[in-house]
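Coordinates as given in input_32.cif (mmCIF, C-alpha atoms and all ligand atoms):
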data_coords
loop_
_atom_site.label_atom_id
_atom_site.label_comp_id
_atom_site.auth_asym_id
_atom_site.auth_seq_id
_atom_site.Cartn_x
_atom_site.Cartn_y
_atom_site.Cartn_z
CA MET A 1 -125.44 89.41 152.87
CA PRO A 2 -127.51 86.28 152.13
CA ILE A 3 -126.29 82.97 153.46
CA LYS A 4 -125.07 80.79 150.61
CA THR A 5 -125.19 77.02 150.51
CA VAL A 6 -121.60 75.94 149.89
CA TYR A 7 -122.11 72.21 149.94
CA THR A 8 -124.94 69.74 149.57
CA ALA A 9 -124.75 65.99 149.40
CA GLN A 10 -126.85 62.92 148.94
CA ILE A 11 -126.38 59.23 149.53
CA ASP A 12 -127.69 56.75 146.98
CA HIS A 13 -128.78 53.24 147.92
CA LEU A 14 -128.23 50.49 145.37
CA GLN A 15 -130.27 47.31 145.27
CA ILE A 16 -130.44 45.14 142.13
CA LEU A 17 -131.76 41.80 143.42
CA ASP A 18 -134.62 42.30 145.85
CA GLU A 19 -135.56 40.17 148.83
CA ASN A 20 -137.88 38.04 146.72
CA GLY A 21 -135.14 37.19 144.27
CA VAL A 22 -136.45 39.59 141.61
CA LEU A 23 -133.75 41.24 139.52
CA ASP A 24 -133.77 44.79 138.17
CA GLU A 25 -132.65 43.86 134.66
CA LYS A 26 -131.64 47.39 133.75
CA LEU A 27 -129.33 47.83 136.74
CA ALA A 28 -128.06 44.27 136.35
CA LYS A 29 -126.88 44.90 132.80
CA ASP A 30 -123.15 44.14 132.38
CA THR A 31 -122.82 42.74 135.88
CA LEU A 32 -122.80 38.98 136.48
CA THR A 33 -123.55 36.26 133.92
CA ASP A 34 -125.83 33.34 134.81
CA GLU A 35 -122.82 31.07 134.89
CA GLN A 36 -120.99 33.37 137.31
CA VAL A 37 -124.03 33.72 139.58
CA ARG A 38 -124.42 29.98 139.78
CA TYR A 39 -120.74 29.47 140.54
CA LEU A 40 -120.84 32.14 143.24
CA TYR A 41 -124.04 30.73 144.72
CA GLU A 42 -122.42 27.30 145.02
CA PHE A 43 -119.37 28.92 146.57
CA MET A 44 -121.62 30.73 149.05
CA ILE A 45 -123.13 27.41 150.17
CA THR A 46 -119.67 25.92 150.69
CA CYS A 47 -118.51 28.95 152.69
CA ARG A 48 -121.66 28.79 154.85
CA ALA A 49 -121.01 25.11 155.49
CA LEU A 50 -117.45 25.85 156.59
CA ASP A 51 -118.71 28.67 158.82
CA GLU A 52 -121.22 26.41 160.54
CA VAL A 53 -118.68 23.66 161.03
CA ALA A 54 -116.21 26.16 162.50
CA PHE A 55 -118.83 27.00 165.12
CA LYS A 56 -119.16 23.30 165.99
CA LEU A 57 -115.37 22.88 166.17
CA GLN A 58 -115.25 25.63 168.77
CA ARG A 59 -118.12 24.14 170.75
CA SER A 60 -116.42 20.75 170.82
CA GLY A 61 -113.11 22.21 171.99
CA ARG A 62 -111.24 21.73 168.72
CA MET A 63 -110.89 25.44 167.96
CA GLY A 64 -110.65 28.74 169.82
CA THR A 65 -113.02 31.70 169.51
CA TYR A 66 -114.57 32.10 166.06
CA PRO A 67 -116.57 34.99 164.52
CA GLN A 68 -119.22 33.59 162.20
CA ASN A 69 -119.66 35.19 158.77
CA LYS A 70 -123.23 33.84 158.52
CA GLY A 71 -125.62 36.12 156.65
CA GLN A 72 -122.90 38.44 155.35
CA GLU A 73 -121.49 36.22 152.60
CA ALA A 74 -122.77 38.25 149.63
CA ASN A 75 -120.42 41.04 150.72
CA ALA A 76 -117.26 39.00 150.66
CA ILE A 77 -118.20 37.07 147.55
CA GLY A 78 -119.50 39.95 145.42
CA SER A 79 -116.66 42.31 146.31
CA GLY A 80 -113.96 39.64 146.23
CA PHE A 81 -115.10 38.58 142.78
CA ALA A 82 -114.94 42.19 141.57
CA ALA A 83 -111.27 42.46 142.55
CA LYS A 84 -108.59 40.95 140.30
CA LYS A 85 -107.01 37.84 141.80
CA GLY A 86 -103.22 38.01 141.79
CA VAL A 87 -103.26 41.75 141.05
CA ASP A 88 -105.34 43.58 143.63
CA PHE A 89 -104.68 43.40 147.34
CA LEU A 90 -107.13 42.44 150.10
CA VAL A 91 -106.79 43.96 153.56
CA PRO A 92 -109.36 42.16 155.69
CA CYS A 93 -110.91 42.36 159.10
CA TYR A 94 -112.31 38.94 160.17
CA ARG A 95 -115.79 38.59 158.65
CA GLU A 96 -115.02 38.17 154.95
CA ASN A 97 -113.52 34.69 154.69
CA ALA A 98 -115.07 34.03 151.28
CA ALA A 99 -113.22 36.96 149.65
CA LEU A 100 -109.93 35.56 150.93
CA PHE A 101 -110.73 32.11 149.55
CA LEU A 102 -111.64 33.60 146.17
CA HIS A 103 -108.21 35.24 146.11
CA GLY A 104 -106.37 32.02 146.78
CA LEU A 105 -106.12 31.59 150.55
CA PRO A 106 -106.45 27.85 151.24
CA MET A 107 -109.53 27.35 153.43
CA HIS A 108 -107.69 25.55 156.21
CA TYR A 109 -105.69 28.72 156.93
CA ILE A 110 -108.78 30.28 158.48
CA LEU A 111 -109.22 27.28 160.77
CA LEU A 112 -105.52 27.33 161.68
CA HIS A 113 -105.79 31.01 162.59
CA TRP A 114 -108.71 30.44 164.95
CA MET A 115 -107.05 27.32 166.35
CA GLY A 116 -104.39 29.73 167.58
CA ASP A 117 -101.73 28.59 165.12
CA GLU A 118 -99.81 31.58 163.78
CA ARG A 119 -99.08 29.70 160.57
CA GLY A 120 -102.67 30.52 159.66
CA ASN A 121 -101.43 34.09 159.29
CA GLN A 122 -98.52 33.22 157.04
CA ILE A 123 -100.12 34.16 153.75
CA PRO A 124 -98.70 31.97 150.95
CA GLU A 125 -96.41 33.58 148.39
CA GLY A 126 -98.37 35.07 145.50
CA VAL A 127 -101.60 35.41 147.48
CA ASN A 128 -102.26 39.13 147.81
CA MET A 129 -103.61 39.84 151.25
CA THR A 130 -102.67 40.77 154.76
CA PRO A 131 -103.58 38.46 157.67
CA LEU A 132 -106.90 38.91 159.52
CA SER A 133 -106.95 42.05 161.63
CA ILE A 134 -108.40 41.53 165.08
CA PRO A 135 -107.56 45.01 166.41
CA ILE A 136 -110.50 46.98 165.08
CA GLY A 137 -109.68 49.50 162.38
CA THR A 138 -105.91 49.21 162.24
CA GLN A 139 -105.95 47.46 158.86
CA MET A 140 -107.48 50.44 157.08
CA LEU A 141 -104.26 52.38 157.55
CA HIS A 142 -102.31 49.50 156.08
CA ALA A 143 -104.64 49.52 153.08
CA THR A 144 -104.03 53.21 152.51
CA GLY A 145 -100.29 52.59 152.69
CA ILE A 146 -100.43 49.62 150.33
CA ALA A 147 -102.50 51.62 147.85
CA TRP A 148 -100.09 54.53 148.14
CA ALA A 149 -97.24 52.17 147.25
CA PHE A 150 -99.17 51.06 144.14
CA LYS A 151 -99.57 54.69 143.15
CA LEU A 152 -95.91 55.57 143.73
CA ARG A 153 -94.80 52.52 141.75
CA LYS A 154 -97.29 53.35 138.99
CA GLU A 155 -98.82 49.87 139.24
CA ALA A 156 -102.42 49.46 138.08
CA ARG A 157 -103.42 47.74 141.28
CA VAL A 158 -106.05 48.43 143.91
CA ALA A 159 -106.24 47.71 147.63
CA ILE A 160 -109.61 46.82 149.11
CA THR A 161 -110.09 46.90 152.83
CA TYR A 162 -112.93 45.46 154.89
CA PHE A 163 -114.18 46.63 158.26
CA GLY A 164 -117.38 46.85 160.29
CA ASP A 165 -119.70 49.68 161.24
CA GLY A 166 -118.07 49.81 164.67
CA ALA A 167 -114.66 50.38 163.11
CA THR A 168 -115.86 53.67 161.61
CA SER A 169 -116.03 55.06 165.16
CA GLU A 170 -112.27 54.52 165.54
CA GLY A 171 -109.63 57.18 164.93
CA ASP A 172 -107.73 54.89 162.57
CA PHE A 173 -110.68 54.92 160.17
CA HIS A 174 -110.62 58.70 159.87
CA GLU A 175 -106.85 58.88 159.45
CA ALA A 176 -106.90 56.19 156.78
CA MET A 177 -109.75 57.88 154.91
CA ASN A 178 -108.16 61.32 155.09
CA PHE A 179 -104.76 60.17 153.85
CA ALA A 180 -106.26 57.97 151.15
CA SER A 181 -108.32 60.81 149.74
CA THR A 182 -105.71 63.55 150.11
CA LEU A 183 -103.13 61.38 148.36
CA GLN A 184 -105.75 60.02 145.92
CA VAL A 185 -104.60 56.44 146.33
CA PRO A 186 -106.28 53.43 144.64
CA CYS A 187 -108.13 52.08 147.67
CA VAL A 188 -111.68 50.82 148.18
CA PHE A 189 -113.06 51.09 151.70
CA TYR A 190 -115.70 48.39 152.17
CA CYS A 191 -117.78 48.72 155.32
CA GLN A 192 -119.92 45.77 156.32
CA ASN A 193 -122.57 47.55 158.33
CA ASN A 194 -124.04 44.53 160.09
CA GLN A 195 -125.89 46.81 162.54
CA TRP A 196 -123.97 45.68 165.61
CA ALA A 197 -120.54 46.11 167.18
CA ILE A 198 -120.71 43.18 169.58
CA SER A 199 -123.68 44.26 171.77
CA VAL A 200 -123.75 47.92 170.72
CA PRO A 201 -126.35 48.73 168.06
CA ARG A 202 -125.28 51.10 165.31
CA GLU A 203 -127.53 53.94 166.49
CA ASN A 204 -125.90 53.91 169.93
CA GLN A 205 -122.41 54.49 168.60
CA MET A 206 -122.92 57.07 165.85
CA ASN A 207 -125.40 59.83 165.17
CA SER A 208 -125.04 59.78 161.39
CA GLU A 209 -128.02 58.41 159.52
CA THR A 210 -125.77 56.41 157.22
CA VAL A 211 -122.20 55.23 157.46
CA ALA A 212 -121.71 56.15 153.80
CA GLN A 213 -122.02 59.87 154.54
CA LYS A 214 -118.84 59.80 156.61
CA ALA A 215 -116.87 59.56 153.36
CA ILE A 216 -118.32 62.86 152.13
CA ALA A 217 -116.25 64.65 154.74
CA TYR A 218 -113.15 63.26 153.06
CA GLY A 219 -114.24 64.15 149.52
CA MET A 220 -114.59 60.53 148.54
CA PRO A 221 -117.18 59.01 146.19
CA THR A 222 -119.53 57.01 148.39
CA ILE A 223 -122.55 54.74 148.08
CA GLN A 224 -124.80 52.61 150.24
CA VAL A 225 -125.65 49.18 148.88
CA ASP A 226 -127.80 46.28 149.94
CA GLY A 227 -125.07 44.05 151.33
CA ASN A 228 -127.20 40.92 151.02
CA ASP A 229 -127.55 41.48 147.28
CA LEU A 230 -124.70 39.86 145.35
CA PHE A 231 -125.39 41.96 142.24
CA ALA A 232 -125.37 45.32 144.04
CA VAL A 233 -122.22 44.43 145.97
CA TYR A 234 -120.47 43.28 142.81
CA LYS A 235 -121.47 46.34 140.77
CA ALA A 236 -120.58 48.91 143.44
CA THR A 237 -117.21 47.28 144.12
CA ARG A 238 -116.37 46.83 140.46
CA ASP A 239 -117.18 50.49 139.74
CA ALA A 240 -115.05 51.63 142.69
CA ILE A 241 -112.16 49.38 141.64
CA GLU A 242 -112.31 50.52 138.02
CA ARG A 243 -112.29 54.15 139.13
CA ALA A 244 -109.32 53.55 141.41
CA ARG A 245 -107.40 51.61 138.74
CA ALA A 246 -107.95 54.43 136.27
CA GLY A 247 -106.41 56.94 138.68
CA GLY A 248 -109.69 58.21 140.14
CA GLY A 249 -108.66 57.70 143.77
CA PRO A 250 -110.40 55.96 146.65
CA SER A 251 -114.10 55.17 147.16
CA PHE A 252 -116.29 54.17 150.04
CA ILE A 253 -118.99 51.50 150.12
CA GLU A 254 -121.41 51.04 152.99
CA ALA A 255 -123.00 47.62 152.65
CA VAL A 256 -126.13 47.22 154.75
CA THR A 257 -126.18 43.67 156.05
CA TYR A 258 -126.79 41.75 159.25
CA ARG A 259 -124.81 39.47 161.53
CA LEU A 260 -127.13 36.46 161.77
CA ALA A 261 -124.99 34.70 164.40
CA ASP A 262 -123.48 35.80 167.70
CA HIS A 263 -120.60 38.28 167.53
CA THR A 264 -118.23 35.38 168.18
CA THR A 265 -118.50 32.01 169.87
CA ALA A 266 -117.66 33.87 173.11
CA ASP A 267 -120.91 35.85 172.86
CA ASP A 268 -124.62 35.15 173.36
CA ALA A 269 -126.57 37.71 171.32
CA ARG A 270 -129.91 36.50 172.74
CA ARG A 271 -129.05 38.57 175.79
CA TYR A 272 -129.23 41.86 173.90
CA ARG A 273 -131.02 41.36 170.56
CA ASP A 274 -134.71 41.30 169.79
CA PRO A 275 -135.52 37.88 168.29
CA ASN A 276 -137.98 39.55 165.91
CA GLU A 277 -135.16 41.62 164.44
CA VAL A 278 -133.07 38.52 163.85
CA GLU A 279 -136.02 36.72 162.30
CA ALA A 280 -136.73 39.60 159.94
CA TRP A 281 -133.13 39.47 158.73
CA MET A 282 -133.20 35.68 158.36
CA ALA A 283 -135.70 36.25 155.58
CA LYS A 284 -133.16 38.51 153.84
CA ASP A 285 -130.44 35.84 153.91
CA PRO A 286 -128.33 36.23 150.75
CA ILE A 287 -128.43 32.48 150.12
CA ILE A 288 -132.23 32.32 150.14
CA ARG A 289 -132.44 35.33 147.84
CA LEU A 290 -129.97 34.03 145.31
CA ARG A 291 -131.57 30.59 145.32
CA LYS A 292 -134.97 32.14 144.55
CA TYR A 293 -133.40 34.02 141.65
CA LEU A 294 -131.66 30.96 140.21
CA GLU A 295 -134.73 28.77 140.63
CA GLY A 296 -136.86 31.42 138.94
CA LYS A 297 -134.54 31.23 135.94
CA GLY A 298 -134.63 27.44 135.89
CA LEU A 299 -130.94 27.29 136.78
CA TRP A 300 -131.38 25.57 140.14
CA ASN A 301 -133.60 23.05 141.90
CA ALA A 302 -133.86 20.92 145.03
CA GLU A 303 -131.84 18.11 143.51
CA LEU A 304 -128.91 20.38 142.63
CA GLN A 305 -129.14 21.92 146.09
CA ALA A 306 -128.90 18.53 147.81
CA ALA A 307 -126.00 17.49 145.58
CA HIS A 308 -124.09 20.68 146.25
CA GLU A 309 -124.68 20.53 149.99
CA GLU A 310 -123.27 17.02 149.91
CA LYS A 311 -120.24 18.22 147.94
CA SER A 312 -119.74 21.10 150.37
CA ARG A 313 -119.75 18.73 153.34
CA ALA A 314 -117.01 16.70 151.68
CA ILE A 315 -114.93 19.83 150.92
CA VAL A 316 -115.30 21.03 154.51
CA ALA A 317 -114.41 17.62 155.95
CA GLU A 318 -111.22 17.70 153.88
CA VAL A 319 -110.40 21.23 155.09
CA ILE A 320 -110.77 20.16 158.73
CA LYS A 321 -108.63 17.09 158.10
CA THR A 322 -105.89 19.27 156.62
CA ALA A 323 -105.99 21.80 159.48
CA GLU A 324 -106.04 19.18 162.21
CA GLY A 325 -103.41 17.08 160.45
CA ILE A 326 -100.77 19.79 160.77
CA ALA A 327 -98.51 19.12 163.75
CA LYS A 328 -99.15 21.60 166.54
CA PRO A 329 -96.54 24.36 166.80
CA SER A 330 -94.00 24.12 169.59
CA THR A 331 -94.61 26.28 172.65
CA ASP A 332 -90.91 27.23 172.36
CA ASP A 333 -91.90 29.34 169.35
CA ILE A 334 -93.29 32.01 171.66
CA PHE A 335 -89.74 32.56 172.88
CA ASP A 336 -87.72 31.67 169.82
CA TYR A 337 -89.36 34.26 167.59
CA THR A 338 -89.35 37.13 170.08
CA TYR A 339 -85.66 37.96 170.62
CA ALA A 340 -82.48 36.88 168.85
CA THR A 341 -80.99 36.24 172.29
CA LEU A 342 -83.33 35.61 175.19
CA THR A 343 -83.07 37.67 178.34
CA PRO A 344 -82.25 35.60 181.45
CA ASN A 345 -85.76 35.78 182.84
CA LEU A 346 -87.31 34.71 179.52
CA GLU A 347 -84.76 31.90 179.36
CA ALA A 348 -85.96 30.79 182.76
CA GLN A 349 -89.61 31.01 181.72
CA LYS A 350 -88.90 28.96 178.65
CA LYS A 351 -87.22 26.26 180.72
CA THR A 352 -89.97 26.12 183.33
CA MET A 353 -92.90 26.47 180.95
CA ARG A 354 -93.47 22.79 180.37
CA THR A 355 -92.68 21.51 183.82
CA ALA A 356 -95.11 20.86 186.61
CA SER A 357 -93.27 23.60 188.45
CA LEU A 358 -94.67 26.36 186.25
CA ALA A 359 -94.36 29.72 188.03
CA GLN A 360 -92.02 28.16 190.55
CA GLU A 361 -89.10 30.22 191.77
CA PRO A 362 -86.34 29.40 189.19
CA SER A 363 -83.68 28.98 191.85
CA GLN A 364 -85.64 25.97 193.14
CA ILE A 365 -85.03 24.15 189.89
CA GLY A 366 -81.42 25.18 189.48
CA LEU A 367 -81.86 28.21 187.23
CA GLY A 368 -80.32 30.86 189.42
CA SER A 369 -82.41 33.68 190.75
CA ALA A 370 -83.67 35.39 187.62
CA ASN A 371 -86.38 37.80 188.50
CA MET A 372 -89.56 36.25 187.13
CA SER A 373 -91.73 39.19 187.98
CA THR A 374 -90.26 41.68 185.52
C1 LIG A 401 -108.93 48.39 168.85
C2 LIG A 401 -109.93 47.42 169.35
N1 LIG A 401 -110.83 47.82 170.26
C3 LIG A 401 -111.75 46.95 170.73
C4 LIG A 401 -111.76 45.65 170.31
C5 LIG A 401 -112.79 44.65 170.83
N2 LIG A 401 -113.75 44.37 169.76
C6 LIG A 401 -113.67 43.23 169.03
S1 LIG A 401 -114.84 43.16 167.86
C7 LIG A 401 -115.49 44.65 168.29
C8 LIG A 401 -116.68 45.22 167.59
C9 LIG A 401 -116.43 45.50 166.15
O1 LIG A 401 -117.62 45.86 165.52
P1 LIG A 401 -117.66 46.12 163.98
O2 LIG A 401 -116.53 46.99 163.58
O3 LIG A 401 -119.02 46.60 163.66
O4 LIG A 401 -117.39 44.67 163.34
P2 LIG A 401 -118.30 43.35 163.45
O5 LIG A 401 -117.71 42.52 164.55
O6 LIG A 401 -119.70 43.75 163.70
O7 LIG A 401 -118.13 42.66 162.14
C10 LIG A 401 -114.78 45.19 169.37
C11 LIG A 401 -115.10 46.48 170.01
C12 LIG A 401 -110.78 45.26 169.36
N3 LIG A 401 -110.72 44.02 168.87
N4 LIG A 401 -109.88 46.17 168.90
MG MG A 402 -120.67 45.52 163.05
#

Written as C-alpha cells, that's how I'd like the structure from this file.
Amino acid sequence: MPIKTVYTAQIDHLQILDENGVLDEKLAKDTLTDEQVRYLYEFMITCRALDEVAFKLQRSGRMGTYPQNKGQEANAIGSGFAAKKGVDFLVPCYRENAALFLHGLPMHYILLHWMGDERGNQIPEGVNMTPLSIPIGTQMLHATGIAWAFKLRKEARVAITYFGDGATSEGDFHEAMNFASTLQVPCVFYCQNNQWAISVPRENQMNSETVAQKAIAYGMPTIQVDGNDLFAVYKATRDAIERARAGGGPSFIEAVTYRLADHTTADDARRYRDPNEVEAWMAKDPIIRLRKYLEGKGLWNAELQAAHEEKSRAIVAEVIKTAEGIAKPSTDDIFDYTYATLTPNLEAQKKTMRTASLAQEPSQIGLGSANMST
C-alpha cells in the first residue's frame, strides 16, 4: 500500500515595512493611517526614553533589577494598538511595557514594580490586564483561562498573552496552547522571539526552524512576522483578534525581533554575544525604520524629533517623580498580608526585623523561645 501524506504545513512570514522604511502599499492597505503611525512613533520614542531612564535608575541604586524593552517596542505597540482598550485583556510577561501603557496602565506602575513595591502590581480598576509575570510561561495558562471565561460568558472579548522564545520550551506553554485550541477560546498567543533566553541562543534550546510551527501541532492558525515592523505586527495581531472575536478560536504569532540590551540589569550580554550580531540588529531598530518611513512621507523631520524627545524627557521626569514620591511600603506588610493570625515564630520575626538584633535568639529580647529556624 502506498504511503500517503496525511498532513503538510507551511509557515508564512509577514513584513510590510522593510528595514529601509519602504512600505509594501498593497499589504499595508487597511492597516494604519498616517495619523496613527505618527502617534505610535511618538509613543515609541517616549517608551524608549522611559526604558533608558529605568536602566539609569537601577545603575544609580534607585531601582531594582530591570529588563529593558529596547529594540522590541514595535511588538508591544503594534499588538497593543490592535487590541481594544477596555474590552480585551492583556496577559503580559515583562518585555511589553508599551502595550500595557496603551491599555491604561499608568507608567509609574512599571517603575514601582521594579522598585520592589507590590503596589506596582495592583492593576487599577477598569484596566484589563494581569500583573507582569516573572515566572516564565505561567501567564499563558492564565490567558487561556481568561479567554475561556469570555467564551463561557458569551462576551466578545479576546485575551492576548505575551511571552518569549524561551517560554515556548516550558511545559506551561504546551498546556496553554493545547487547552486553548481544544476549547477554541478567544486567545492570541504573541511570542516575542528576541533570539535569546538570557544567555541561551534560540538554536540551542529548540530544534524547530521557527517558533511559529509549534502551533501547528495544536491545530492553531499561525504566522511569523517581522517583529520590528509596526505594520506587520499590527496587521497580524488585528487579524488574529478579529478571528478570535468572531468565534474562530486562538491564534499564534511568532514575532522575530531582537533584544538590543542585556537580558536585565543583572546581566552583561557582552560576555556571550557577538558584537557584530548586535550591530546588525541595531540597524533594524523599529524606531529608525519608522522614522525613515515618516520622513519619506514628509510627516517627520529633525525639528519634530528634537521637540518630541524634549517632551518625552519631561513625561519621563514626571513619571519618576510620581513613582519616587509614593511613600515606601512598610516592611510589616510582608507579615500582615500573609496570615490572618501570625504564627508565634513569624510574630517574633516581625518584632525583631527592624532591630539591630536581627536574627538574634528571640528569648534574648524577651520574646520567649519561639523556634526561629522553622
Ligand atoms: C519558570 C522560570 N524558570 C526560569 C526563570 C529564569 N529566567 C528568567 S528570564 C529567563 C529567560 C526567558 O527567555 P525568553 O522566554 O526568551 O524571554 P526574554 O527574556 O528573552 O524576553 C529565564 C530562564 C524564570 N524566571 N522562571
Ligand atoms: Mg527571548

Original post:
From the list A:Arg153, A:Lys4, A:Lys292, A:His108, which residue is nearest A:Cys47 when using all atoms listed in the file?
Top reply: A:His108

Against stretch 218-229 of chain A, which residues of stretch 29-74 of chain A fall within 10 Å? For each one I want the closest pair of atoms and the distance in Å (one decimal), counting all atoms listed in the file, rows by chain and increasing residue number, as CSV.
residue,atom,partner,partner_atom,distance
A:Gly71,CA,A:Asn228,CA,7.6
A:Gln72,CA,A:Asn228,CA,6.6
A:Glu73,CA,A:Asn228,CA,7.6
A:Ala74,CA,A:Asn228,CA,5.4

Original post:
What residues have any atom no more than 9 Å from ligand LIG 401 (chain A) when counting all atoms listed in the file, and can you list them as an MDAnalysis selection string?
Top reply: chainID A and resid 67 69 93:95 133:138 163:170 191:202 258:259 263:264

Around (-118.6, 34.7, 172.4) in the file's frame, which residues reach within 12 Å when counting only C-alpha atoms? Return as a PDB file with C-alpha atoms, in the frame of the given file?
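To be explicit, this is the file written out as out-v9.pdb:
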ATOM      1  CA  PHE A  55    -118.830  27.000 165.120  1.00  0.00           C
ATOM      2  CA  GLN A  58    -115.250  25.630 168.770  1.00  0.00           C
ATOM      3  CA  ARG A  59    -118.120  24.140 170.750  1.00  0.00           C
ATOM      4  CA  GLY A  64    -110.650  28.740 169.820  1.00  0.00           C
ATOM      5  CA  THR A  65    -113.020  31.700 169.510  1.00  0.00           C
ATOM      6  CA  TYR A  66    -114.570  32.100 166.060  1.00  0.00           C
ATOM      7  CA  PRO A  67    -116.570  34.990 164.520  1.00  0.00           C
ATOM      8  CA  GLN A  68    -119.220  33.590 162.200  1.00  0.00           C
ATOM      9  CA  ILE A 198    -120.710  43.180 169.580  1.00  0.00           C
ATOM     10  CA  SER A 199    -123.680  44.260 171.770  1.00  0.00           C
ATOM     11  CA  ALA A 261    -124.990  34.700 164.400  1.00  0.00           C
ATOM     12  CA  ASP A 262    -123.480  35.800 167.700  1.00  0.00           C
ATOM     13  CA  HIS A 263    -120.600  38.280 167.530  1.00  0.00           C
ATOM     14  CA  THR A 264    -118.230  35.380 168.180  1.00  0.00           C
ATOM     15  CA  THR A 265    -118.500  32.010 169.870  1.00  0.00           C
ATOM     16  CA  ALA A 266    -117.660  33.870 173.110  1.00  0.00           C
ATOM     17  CA  ASP A 267    -120.910  35.850 172.860  1.00  0.00           C
ATOM     18  CA  ASP A 268    -124.620  35.150 173.360  1.00  0.00           C
ATOM     19  CA  ALA A 269    -126.570  37.710 171.320  1.00  0.00           C
ATOM     20  CA  ARG A 270    -129.910  36.500 172.740  1.00  0.00           C
ATOM     21  CA  ARG A 271    -129.050  38.570 175.790  1.00  0.00           C
TER      22      ARG A 271
END

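Within the 12 Å cut-off around A:Met63, using all atoms listed in the file and omitting residues fewer than 6 positions from it on the same chain, the listed residues are A:Val53, A:Ala54, A:Phe55, A:Lys56, A:Leu57, A:Ile110, A:Leu111, A:Leu112, A:His113, A:Trp114, A:Met115, A:Gly116, A:Asp117, A:Thr265, A:Ala266, A:Ile320, A:Ala323, A:Glu324.
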
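The two atoms in question, atom CA of A:Pro329 and atom CA of A:Thr352, are spaced 17.9 Å apart.
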
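Proximity to A:Glu118 was assessed for A:Ile216, A:Cys187, A:Leu132, A:Ala307 counting all atoms listed in the file; the smallest distance is recorded for A:Leu132.
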
Original post:
Pick the closest to A:Thr257 from A:Glu277, A:Glu303, A:Asp285, A:Glu96: which is it, counting all atoms listed in the file?
Top reply: A:Asp285

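Closest approach to A:Ala232 among A:Asn97, A:Thr144, A:Gln15, A:Thr31 is made by A:Gln15 (distances from all atoms listed in the file).
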
Starting from 6 Å padding per side, set up an axis-aligned box that covers all listed atoms of stretch 280-297 of chain A and hand over centre and edge lengths in Å, one decimal, as lines of an AutoDock Vina configuration file.
center_x = -132.6
center_y = 34.2
center_z = 147.9
size_x = 20.5
size_y = 22.8
size_z = 36.0

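Between atom CA of A:Glu242 and atom CA of A:Asp30 the interatomic distance comes to 13.8 Å.
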
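Across A:Ser312, A:Asn128, A:Gln305, A:Asn178, the tightest approach to A:Phe252 is made by A:Asn178 when counting all atoms listed in the file.
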
Subject >> Atom-to-atom span, atom CA of A:Leu183 and atom CA of A:Ala240, Å >> reply: 16.4 Å

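With distances restricted to all atoms listed in the file, A:Ala212 is the closest residue to A:Ile11 from A:Ile241, A:Ala327, A:Ala212, A:Ala217.
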
Subject >> Nearby residues (all atoms listed in the file) at most 7 Å from A:Phe89, same-chain spacing under 4 positions excluded, as a ChimeraX atom specification >> reply: /A:128-129,158-160

Could you tell me, as an mmCIF file with C-alpha atoms, in the frame of the given file, which residues have any atom at most 7 Å from (-117.8, 50.1, 149.3), counting all atoms listed in the file?
data_model
loop_
_atom_site.group_PDB
_atom_site.id
_atom_site.type_symbol
_atom_site.label_atom_id
_atom_site.label_comp_id
_atom_site.auth_asym_id
_atom_site.auth_seq_id
_atom_site.Cartn_x
_atom_site.Cartn_y
_atom_site.Cartn_z
ATOM 1 C CA VAL A 188 -111.680 50.820 148.180
ATOM 2 C CA PHE A 189 -113.060 51.090 151.700
ATOM 3 C CA TYR A 190 -115.700 48.390 152.170
ATOM 4 C CA CYS A 191 -117.780 48.720 155.320
ATOM 5 C CA ILE A 223 -122.550 54.740 148.080
ATOM 6 C CA ALA A 236 -120.580 48.910 143.440
ATOM 7 C CA THR A 237 -117.210 47.280 144.120
ATOM 8 C CA SER A 251 -114.100 55.170 147.160
ATOM 9 C CA PHE A 252 -116.290 54.170 150.040
ATOM 10 C CA ILE A 253 -118.990 51.500 150.120
ATOM 11 C CA GLU A 254 -121.410 51.040 152.990
ATOM 12 C CA ALA A 255 -123.000 47.620 152.650
#
